[in-house]
>>> print(open('structure01.cif').read())   # mmCIF, C-alpha atoms
data_data
#
loop_
_atom_site.label_atom_id
_atom_site.label_comp_id
_atom_site.auth_asym_id
_atom_site.auth_seq_id
_atom_site.Cartn_x
_atom_site.Cartn_y
_atom_site.Cartn_z
CA MET M 218 -22.09 10.54 -25.82
CA SER M 219 -21.56 7.63 -28.13
CA ALA M 220 -23.97 5.11 -29.59
CA PHE M 221 -24.47 2.10 -27.34
CA ASP M 222 -23.33 -1.19 -28.85
CA ILE M 223 -24.28 -4.39 -27.04
CA ASP M 224 -21.12 -6.02 -28.41
CA SER M 225 -19.04 -3.52 -26.45
CA LEU M 226 -20.06 -5.25 -23.21
CA ALA M 227 -17.71 -7.73 -21.53
CA PHE M 228 -19.77 -10.91 -21.62
CA ASP M 229 -18.18 -13.84 -19.82
CA GLY M 230 -16.99 -17.07 -21.43
CA ARG M 231 -20.60 -18.30 -21.55
CA GLY M 232 -21.74 -15.12 -23.28
CA LEU M 233 -23.47 -13.90 -20.11
CA ILE M 234 -23.38 -10.75 -18.00
CA PRO M 235 -24.88 -10.27 -14.52
CA ALA M 236 -27.80 -7.84 -14.29
CA ILE M 237 -28.96 -6.28 -11.02
CA ALA M 238 -32.56 -5.05 -10.91
CA GLN M 239 -33.28 -2.06 -8.68
CA THR M 240 -36.32 0.17 -8.28
CA SER M 241 -36.01 3.92 -8.71
CA ALA M 242 -36.67 4.10 -4.95
CA GLY M 243 -33.39 2.25 -4.39
CA ASP M 244 -34.56 -1.25 -3.51
CA VAL M 245 -32.41 -4.02 -4.96
CA LEU M 246 -34.87 -6.66 -6.15
CA MET M 247 -32.80 -9.47 -7.65
CA MET M 248 -29.78 -10.42 -9.72
CA ALA M 249 -30.01 -12.57 -12.82
CA TRP M 250 -28.11 -13.07 -16.06
CA MET M 251 -28.46 -11.71 -19.57
CA ASN M 252 -26.96 -12.63 -22.90
CA ALA M 253 -26.76 -10.30 -25.89
CA GLU M 254 -30.11 -11.47 -27.24
CA SER M 255 -31.97 -11.01 -23.96
CA LEU M 256 -30.55 -7.51 -23.55
CA ALA M 257 -31.49 -6.60 -27.12
CA ARG M 258 -35.01 -7.89 -26.46
CA THR M 259 -35.18 -5.88 -23.23
CA LEU M 260 -34.16 -2.67 -24.98
CA GLU M 261 -36.55 -3.27 -27.89
CA THR M 262 -39.61 -4.12 -25.82
CA GLY M 263 -38.98 -2.32 -22.52
CA GLU M 264 -39.86 -5.59 -20.76
CA VAL M 265 -36.90 -7.00 -18.86
CA THR M 266 -35.86 -10.34 -20.35
CA TYR M 267 -33.11 -12.41 -18.77
CA TRP M 268 -31.36 -15.58 -19.85
CA SER M 269 -32.37 -18.58 -17.78
CA ARG M 270 -29.24 -20.60 -17.16
CA SER M 271 -31.22 -23.53 -15.79
CA ARG M 272 -33.66 -23.71 -18.70
CA GLY M 273 -31.22 -22.48 -21.34
CA GLU M 274 -33.73 -20.05 -22.84
CA LEU M 275 -34.87 -16.46 -22.87
CA TRP M 276 -36.79 -15.62 -19.71
CA ARG M 277 -39.16 -12.70 -19.95
CA LYS M 278 -39.54 -11.78 -16.31
CA GLY M 279 -43.14 -12.29 -15.28
CA ALA M 280 -44.12 -14.26 -18.39
CA THR M 281 -45.70 -16.88 -16.13
CA SER M 282 -46.36 -14.98 -12.91
CA GLY M 283 -47.38 -11.65 -14.38
CA HIS M 284 -44.75 -10.03 -12.18
CA VAL M 285 -43.15 -8.13 -15.03
CA GLN M 286 -40.34 -5.62 -14.89
CA ARG M 287 -40.52 -2.53 -17.08
CA LEU M 288 -37.12 -1.07 -17.88
CA ILE M 289 -36.73 2.54 -16.83
CA GLU M 290 -32.98 2.83 -17.45
CA LEU M 291 -30.05 0.59 -18.30
CA ARG M 292 -26.75 1.37 -16.60
CA ILE M 293 -23.33 -0.16 -17.22
CA ASP M 294 -20.43 -0.41 -14.80
CA CYS M 295 -16.90 0.87 -15.32
CA ASP M 296 -15.58 -2.51 -16.45
CA ARG M 297 -18.60 -3.06 -18.72
CA ASP M 298 -19.04 -6.50 -17.14
CA CYS M 299 -22.12 -5.84 -15.01
CA LEU M 300 -25.48 -4.20 -15.68
CA LEU M 301 -27.79 -2.25 -13.37
CA LEU M 302 -31.40 -2.18 -14.50
CA ILE M 303 -33.61 0.52 -13.02
CA VAL M 304 -37.05 -1.05 -13.27
CA GLN M 305 -40.69 -0.63 -12.42
CA GLN M 306 -41.71 -3.91 -10.80
CA THR M 307 -45.25 -5.27 -10.98
CA GLY M 308 -45.98 -7.60 -8.06
CA PRO M 309 -43.22 -9.28 -6.10
CA PRO M 310 -40.02 -10.03 -8.06
CA CYS M 311 -39.14 -13.12 -6.04
CA HIS M 312 -40.54 -16.61 -6.65
CA THR M 313 -41.27 -16.70 -2.90
CA ASN M 314 -43.62 -13.72 -3.41
CA ARG M 315 -41.43 -11.48 -1.32
CA PRO M 316 -40.67 -7.86 -2.29
CA SER M 317 -36.98 -8.65 -2.84
CA CYS M 318 -34.97 -11.81 -3.41
CA PHE M 319 -32.55 -10.54 -0.75
CA PHE M 320 -34.87 -11.18 2.17
CA THR M 321 -32.35 -13.00 4.36
CA ALA M 322 -29.92 -11.05 6.50
CA VAL M 323 -27.08 -12.33 8.65
CA ARG M 324 -27.06 -10.73 12.08
CA ASP M 325 -24.83 -11.88 14.94
CA GLY M 326 -24.03 -15.02 12.98
CA ARG M 327 -27.66 -16.02 12.51
CA GLU M 328 -30.02 -15.79 9.55
CA VAL M 329 -32.95 -13.42 9.92
CA THR M 330 -35.89 -13.19 7.49
CA LEU M 331 -36.57 -9.57 6.61
CA SER M 332 -39.91 -9.84 4.84
CA ASP M 333 -42.90 -12.10 4.47
CA PRO M 334 -44.56 -13.29 1.27
CA VAL M 335 -47.07 -10.85 -0.15
CA ASP M 336 -50.56 -12.26 -0.64
CA GLY M 337 -52.52 -11.80 -3.80
CA ALA M 338 -49.95 -9.61 -5.46
CA ALA M 339 -50.25 -8.64 -9.13
CA MET B 140 -33.42 -18.11 12.81
CA SER B 141 -30.62 -20.54 12.11
CA ALA B 142 -26.86 -20.19 12.37
CA PHE B 143 -25.29 -18.86 9.18
CA ASP B 144 -22.90 -21.27 7.51
CA ILE B 145 -20.79 -19.95 4.62
CA ASP B 146 -20.74 -23.44 3.12
CA SER B 147 -24.52 -23.23 2.66
CA LEU B 148 -24.03 -20.67 -0.11
CA ALA B 149 -24.18 -21.73 -3.75
CA PHE B 150 -20.70 -20.83 -4.95
CA ASP B 151 -20.16 -21.34 -8.68
CA GLY B 152 -17.77 -23.81 -10.28
CA ARG B 153 -14.87 -21.49 -9.54
CA GLY B 154 -15.87 -21.23 -5.87
CA LEU B 155 -17.11 -17.67 -6.35
CA ILE B 156 -20.33 -15.77 -5.65
CA PRO B 157 -21.28 -12.29 -6.91
CA ALA B 158 -21.56 -9.59 -4.26
CA ILE B 159 -23.41 -6.31 -4.80
CA ALA B 160 -22.38 -3.38 -2.60
CA GLN B 161 -25.09 -0.87 -1.74
CA THR B 162 -25.21 2.01 0.73
CA SER B 163 -27.94 2.19 3.33
CA ALA B 164 -29.26 5.18 1.36
CA GLY B 165 -29.92 2.81 -1.56
CA ASP B 166 -27.08 3.64 -3.95
CA VAL B 167 -25.64 0.60 -5.72
CA LEU B 168 -21.89 1.15 -5.70
CA MET B 169 -20.35 -1.85 -7.46
CA MET B 170 -20.47 -5.58 -8.03
CA ALA B 171 -17.50 -7.84 -7.39
CA TRP B 172 -16.85 -11.46 -6.46
CA MET B 173 -16.20 -13.27 -3.21
CA ASN B 174 -15.00 -16.72 -2.34
CA ALA B 175 -15.58 -18.41 1.00
CA GLU B 176 -12.34 -17.08 2.46
CA SER B 177 -13.01 -13.48 1.47
CA LEU B 178 -16.51 -13.63 2.93
CA ALA B 179 -15.20 -15.13 6.16
CA ARG B 180 -12.60 -12.36 6.34
CA THR B 181 -15.30 -9.75 5.70
CA LEU B 182 -17.48 -11.07 8.51
CA GLU B 183 -14.55 -11.36 10.91
CA THR B 184 -13.11 -7.91 10.30
CA GLY B 185 -16.11 -5.87 9.15
CA GLU B 186 -13.97 -4.65 6.24
CA VAL B 187 -15.32 -5.81 2.92
CA THR B 188 -12.85 -8.14 1.22
CA TYR B 189 -13.50 -9.47 -2.27
CA TRP B 190 -11.69 -12.03 -4.40
CA SER B 191 -9.79 -10.47 -7.27
CA ARG B 192 -10.27 -12.70 -10.28
CA SER B 193 -7.59 -10.84 -12.27
CA ARG B 194 -4.95 -11.04 -9.54
CA GLY B 195 -6.12 -14.33 -8.07
CA GLU B 196 -5.89 -13.05 -4.50
CA LEU B 197 -7.91 -11.60 -1.63
CA TRP B 198 -8.75 -7.97 -2.28
CA ARG B 199 -9.50 -5.89 0.77
CA LYS B 200 -11.45 -3.05 -0.76
CA GLY B 201 -9.52 0.19 -0.28
CA ALA B 202 -6.28 -1.51 0.80
CA THR B 203 -4.41 0.68 -1.71
CA SER B 204 -6.77 3.63 -2.22
CA GLY B 205 -8.04 4.00 1.33
CA HIS B 206 -11.56 3.81 -0.09
CA VAL B 207 -12.65 1.09 2.31
CA GLN B 208 -16.09 -0.43 2.73
CA ARG B 209 -17.34 -1.20 6.22
CA LEU B 210 -19.94 -3.94 6.30
CA ILE B 211 -23.22 -2.90 7.85
CA GLU B 212 -25.23 -5.99 6.90
CA LEU B 213 -24.86 -9.09 4.76
CA ARG B 214 -27.93 -10.25 2.84
CA ILE B 215 -28.42 -13.44 0.83
CA ASP B 216 -30.81 -13.99 -2.06
CA CYS B 217 -33.46 -16.69 -2.32
CA ASP B 218 -31.24 -19.00 -4.39
CA ARG B 219 -28.26 -18.38 -2.10
CA ASP B 220 -26.15 -17.63 -5.18
CA CYS B 221 -25.84 -13.86 -4.82
CA LEU B 222 -24.92 -11.55 -1.93
CA LEU B 223 -26.03 -8.01 -1.15
CA LEU B 224 -23.65 -6.09 1.08
CA ILE B 225 -25.00 -3.03 2.83
CA VAL B 226 -21.89 -0.94 3.36
CA GLN B 227 -20.55 2.34 4.60
CA GLN B 228 -18.26 3.57 1.84
CA THR B 229 -15.27 5.81 2.49
CA GLY B 230 -14.34 7.86 -0.58
CA PRO B 231 -15.43 6.82 -4.05
CA PRO B 232 -15.83 3.07 -4.63
CA CYS B 233 -14.88 3.21 -8.30
CA HIS B 234 -11.32 3.21 -9.64
CA THR B 235 -12.39 6.21 -11.77
CA ASN B 236 -13.06 8.11 -8.52
CA ARG B 237 -16.77 8.28 -9.25
CA PRO B 238 -19.43 7.73 -6.56
CA SER B 239 -20.64 4.53 -8.25
CA CYS B 240 -19.19 2.13 -10.79
CA PHE B 241 -22.54 2.33 -12.63
CA PHE B 242 -21.99 5.85 -13.95
CA THR B 243 -22.92 5.12 -17.56
CA ALA B 244 -26.57 5.10 -18.62
CA VAL B 245 -28.06 4.21 -21.98
CA ARG B 246 -30.66 6.74 -23.10
CA ASP B 247 -32.20 6.79 -26.56
CA GLY B 248 -29.53 4.38 -27.73
CA ARG B 249 -26.63 6.53 -26.60
CA GLU B 250 -24.28 6.34 -23.62
CA VAL B 251 -24.57 9.15 -21.09
CA THR B 252 -22.15 9.73 -18.20
CA LEU B 253 -24.06 10.30 -14.99
CA SER B 254 -21.31 11.53 -12.67
CA ASP B 255 -17.87 13.08 -12.69
CA PRO B 256 -14.80 11.94 -10.79
CA VAL B 257 -14.62 13.28 -7.26
CA ASP B 258 -11.47 15.26 -6.43
CA GLY B 259 -9.44 14.69 -3.32
CA ALA B 260 -11.80 12.13 -1.87
CA ALA B 261 -10.76 10.09 1.17
#
>>> encode(input="structure01.cif", output="structure tokens")
Amino acid sequence: MSAFDIDSLAFDGRGLIPAIAQTSAGDVLMMAWMNAESLARTLETGEVTYWSRSRGELWRKGATSGHVQRLIELRIDCDRDCLLLIVQQTGPPCHTNRPSCFFTAVRDGREVTLSDPVDGAA
Amino acid sequence: MSAFDIDSLAFDGRGLIPAIAQTSAGDVLMMAWMNAESLARTLETGEVTYWSRSRGELWRKGATSGHVQRLIELRIDCDRDCLLLIVQQTGPPCHTNRPSCFFTAVRDGREVTLSDPVDGAA
């Protein structure tokens, strides 16, 4: 065991690292990006905070929607260039109000929708 | 349902899209990158083929190690800029011979190794 140092991660040329959010039940919810500051904030507060590439600012997940993610455990891959966040999700994680952002499957060359929007979540 | 068109995906400026590999049991194995050609190859053959950024070439997973990934289902996220591959993994997916690339956790500010290398796999 060694102390975890955020600077030991392999951020890309933009200072970003992909972060996959998964429930402890195994459902993959979404993938977004973090920078060093958003990861530090996540570890300090326990509330998952990404970096919004489109807005160019810290993005505390659920700040607007209330659909927050509480960090259960941070995991790092072998190349230290991808993160896996085990989270407790409040409400739907997806802006479409579905229980995962990965709600489209490709079957026999056609797109199939796997889940419907949840009403009145969170 | 509409026909799936690879060109409808939101590849980044390098022509790449992140792809998360997960087993049907829910274990997240790894994250790597695909370009349009590698995804087409994956769908044609059923053998997961990434794009190696370091080597600049198609990378059929397990071509050297035998630790192949058979595609069970391709899923696409809401922004169409990330893929989730449900796969059947032969042998360990990680070059360290561990059952997931995400074998390092951060607990109480320290790194903890969650799994050991598997001997004689595949």
>>> closest_atom_pairs(input="structure01.cif", of="chain B", to="chain M", cutoff="6 Å", atoms="all atoms listed in the file", output="JSON lines")
{"residue": "B:Met140", "atom": "CA", "partner": "M:Glu328", "partner_atom": "CA", "distance": 5.3}
{"residue": "B:Ser141", "atom": "CA", "partner": "M:Arg327", "partner_atom": "CA", "distance": 5.4}
{"residue": "B:Ala142", "atom": "CA", "partner": "M:Arg327", "partner_atom": "CA", "distance": 4.2}
{"residue": "B:Phe143", "atom": "CA", "partner": "M:Arg327", "partner_atom": "CA", "distance": 5.0}
{"residue": "B:Gly165", "atom": "CA", "partner": "M:Gly243", "partner_atom": "CA", "distance": 4.5}
{"residue": "B:Leu213", "atom": "CA", "partner": "M:Val323", "partner_atom": "CA", "distance": 5.5}
{"residue": "B:Arg214", "atom": "CA", "partner": "M:Ala322", "partner_atom": "CA", "distance": 4.2}
{"residue": "B:Ile215", "atom": "CA", "partner": "M:Phe319", "partner_atom": "CA", "distance": 5.3}
{"residue": "B:Asp216", "atom": "CA", "partner": "M:Phe319", "partner_atom": "CA", "distance": 4.1}
{"residue": "B:Cys217", "atom": "CA", "partner": "M:Cys318", "partner_atom": "CA", "distance": 5.2}
{"residue": "B:Cys240", "atom": "CA", "partner": "M:Asp294", "partner_atom": "CA", "distance": 4.9}
{"residue": "B:Phe241", "atom": "CA", "partner": "M:Asp294", "partner_atom": "CA", "distance": 4.1}
{"residue": "B:Thr243", "atom": "CA", "partner": "M:Ile293", "partner_atom": "CA", "distance": 5.3}
{"residue": "B:Ala244", "atom": "CA", "partner": "M:Arg292", "partner_atom": "CA", "distance": 4.2}
{"residue": "B:Val245", "atom": "CA", "partner": "M:Leu291", "partner_atom": "CA", "distance": 5.5}
{"residue": "B:Gly248", "atom": "CA", "partner": "M:Phe221", "partner_atom": "CA", "distance": 5.6}
{"residue": "B:Arg249", "atom": "CA", "partner": "M:Ala220", "partner_atom": "CA", "distance": 4.2}
{"residue": "B:Glu250", "atom": "CA", "partner": "M:Met218", "partner_atom": "CA", "distance": 5.2}
{"residue": "B:Val251", "atom": "CA", "partner": "M:Met218", "partner_atom": "CA", "distance": 5.5}
>>> calpha_fit_rmsd(input="structure01.cif", fixed="chain M", moving="chain B")
0.0 Å
>>> resolve_selection(input="structure01.cif", expression="the PyMOL selection byres ((chain M and resi 287) around 7)", output="compact mmCIF listing (two decimals) with C-alpha atoms, keeping the file's coordinate frame")
# COMPACT_ATOMS: atom_id res chain seq x y z
CA GLY M 263 -38.98 -2.32 -22.52
CA GLU M 264 -39.86 -5.59 -20.76
CA VAL M 265 -36.90 -7.00 -18.86
CA VAL M 285 -43.15 -8.13 -15.03
CA GLN M 286 -40.34 -5.62 -14.89
CA LEU M 288 -37.12 -1.07 -17.88
CA ILE M 289 -36.73 2.54 -16.83
CA VAL M 304 -37.05 -1.05 -13.27
CA GLN M 305 -40.69 -0.63 -12.42
CA GLN M 306 -41.71 -3.91 -10.80
>>> atom_distance(input="structure01.cif", atom1="CA of Pro231 in chain B", atom2="CA of Thr188 in chain B")
16.1 Å
>>> atom_distance(input="structure01.cif", atom1="CA of Arg199 in chain B", atom2="CA of Ser177 in chain B")
8.4 Å
>>> decode(input="structure01.cif", residues="range 314-337 of chain M", atoms="N, CA and C atoms", output="PDB file, in the first residue's frame")
ATOM      1  N   ASN M 314     -33.271  10.786 -18.321  1.00  0.00           N
ATOM      2  CA  ASN M 314     -33.991  10.178 -17.187  1.00  0.00           C
ATOM      3  C   ASN M 314     -34.051   8.659 -17.261  1.00  0.00           C
ATOM      4  N   ARG M 315     -33.104   8.085 -17.984  1.00  0.00           N
ATOM      5  CA  ARG M 315     -33.027   6.624 -18.010  1.00  0.00           C
ATOM      6  C   ARG M 315     -32.020   6.130 -16.974  1.00  0.00           C
ATOM      7  N   PRO M 316     -32.132   4.849 -16.578  1.00  0.00           N
ATOM      8  CA  PRO M 316     -31.282   4.332 -15.496  1.00  0.00           C
ATOM      9  C   PRO M 316     -29.821   4.105 -15.884  1.00  0.00           C
ATOM     10  N   SER M 317     -29.492   4.267 -17.149  1.00  0.00           N
ATOM     11  CA  SER M 317     -28.107   4.228 -17.612  1.00  0.00           C
ATOM     12  C   SER M 317     -28.026   5.052 -18.880  1.00  0.00           C
ATOM     13  N   CYS M 318     -26.867   5.672 -19.112  1.00  0.00           N
ATOM     14  CA  CYS M 318     -26.668   6.369 -20.394  1.00  0.00           C
ATOM     15  C   CYS M 318     -26.525   5.378 -21.548  1.00  0.00           C
ATOM     16  N   PHE M 319     -26.206   4.128 -21.234  1.00  0.00           N
ATOM     17  CA  PHE M 319     -25.993   3.121 -22.290  1.00  0.00           C
ATOM     18  C   PHE M 319     -27.289   2.359 -22.540  1.00  0.00           C
ATOM     19  N   PHE M 320     -28.297   3.073 -22.978  1.00  0.00           N
ATOM     20  CA  PHE M 320     -29.618   2.452 -23.136  1.00  0.00           C
ATOM     21  C   PHE M 320     -29.894   2.023 -24.571  1.00  0.00           C
ATOM     22  N   THR M 321     -28.930   2.180 -25.450  1.00  0.00           N
ATOM     23  CA  THR M 321     -29.107   1.757 -26.835  1.00  0.00           C
ATOM     24  C   THR M 321     -28.205   0.567 -27.127  1.00  0.00           C
ATOM     25  N   ALA M 322     -28.792  -0.504 -27.604  1.00  0.00           N
ATOM     26  CA  ALA M 322     -28.020  -1.676 -28.009  1.00  0.00           C
ATOM     27  C   ALA M 322     -28.122  -1.846 -29.514  1.00  0.00           C
ATOM     28  N   VAL M 323     -27.112  -2.498 -30.074  1.00  0.00           N
ATOM     29  CA  VAL M 323     -27.132  -2.833 -31.494  1.00  0.00           C
ATOM     30  C   VAL M 323     -27.349  -4.337 -31.608  1.00  0.00           C
ATOM     31  N   ARG M 324     -28.476  -4.706 -32.203  1.00  0.00           N
ATOM     32  CA  ARG M 324     -28.791  -6.127 -32.367  1.00  0.00           C
ATOM     33  C   ARG M 324     -29.179  -6.381 -33.814  1.00  0.00           C
ATOM     34  N   ASP M 325     -28.510  -7.320 -34.441  1.00  0.00           N
ATOM     35  CA  ASP M 325     -28.774  -7.642 -35.847  1.00  0.00           C
ATOM     36  C   ASP M 325     -28.714  -6.385 -36.713  1.00  0.00           C
ATOM     37  N   GLY M 326     -27.758  -5.523 -36.391  1.00  0.00           N
ATOM     38  CA  GLY M 326     -27.536  -4.344 -37.228  1.00  0.00           C
ATOM     39  C   GLY M 326     -28.514  -3.210 -37.011  1.00  0.00           C
ATOM     40  N   ARG M 327     -29.386  -3.355 -36.000  1.00  0.00           N
ATOM     41  CA  ARG M 327     -30.374  -2.306 -35.741  1.00  0.00           C
ATOM     42  C   ARG M 327     -30.256  -1.828 -34.295  1.00  0.00           C
ATOM     43  N   GLU M 328     -30.621  -0.565 -34.087  1.00  0.00           N
ATOM     44  CA  GLU M 328     -30.580  -0.006 -32.741  1.00  0.00           C
ATOM     45  C   GLU M 328     -31.863  -0.350 -31.987  1.00  0.00           C
ATOM     46  N   VAL M 329     -31.678  -0.786 -30.761  1.00  0.00           N
ATOM     47  CA  VAL M 329     -32.785  -1.175 -29.888  1.00  0.00           C
ATOM     48  C   VAL M 329     -32.660  -0.367 -28.599  1.00  0.00           C
ATOM     49  N   THR M 330     -33.770   0.201 -28.122  1.00  0.00           N
ATOM     50  CA  THR M 330     -33.764   0.959 -26.872  1.00  0.00           C
ATOM     51  C   THR M 330     -34.062   0.017 -25.710  1.00  0.00           C
ATOM     52  N   LEU M 331     -33.151  -0.002 -24.735  1.00  0.00           N
ATOM     53  CA  LEU M 331     -33.230  -0.994 -23.666  1.00  0.00           C
ATOM     54  C   LEU M 331     -34.067  -0.546 -22.481  1.00  0.00           C
ATOM     55  N   SER M 332     -34.245   0.763 -22.326  1.00  0.00           N
ATOM     56  CA  SER M 332     -34.987   1.215 -21.142  1.00  0.00           C
ATOM     57  C   SER M 332     -35.732   2.498 -21.467  1.00  0.00           C
ATOM     58  N   ASP M 333     -36.770   2.743 -20.709  1.00  0.00           N
ATOM     59  CA  ASP M 333     -37.581   3.945 -20.875  1.00  0.00           C
ATOM     60  C   ASP M 333     -37.218   4.970 -19.806  1.00  0.00           C
ATOM     61  N   PRO M 334     -37.529   6.237 -20.051  1.00  0.00           N
ATOM     62  CA  PRO M 334     -37.319   7.248 -19.019  1.00  0.00           C
ATOM     63  C   PRO M 334     -38.123   6.915 -17.757  1.00  0.00           C
ATOM     64  N   VAL M 335     -37.508   7.213 -16.631  1.00  0.00           N
ATOM     65  CA  VAL M 335     -38.160   7.009 -15.343  1.00  0.00           C
ATOM     66  C   VAL M 335     -38.928   8.281 -15.001  1.00  0.00           C
ATOM     67  N   ASP M 336     -40.148   8.126 -14.565  1.00  0.00           N
ATOM     68  CA  ASP M 336     -40.940   9.317 -14.199  1.00  0.00           C
ATOM     69  C   ASP M 336     -40.730   9.673 -12.742  1.00  0.00           C
ATOM     70  N   GLY M 337     -40.656  10.955 -12.500  1.00  0.00           N
ATOM     71  CA  GLY M 337     -40.674  11.459 -11.132  1.00  0.00           C
ATOM     72  C   GLY M 337     -39.546  10.972 -10.254  1.00  0.00           C
TER      73      GLY M 337
END
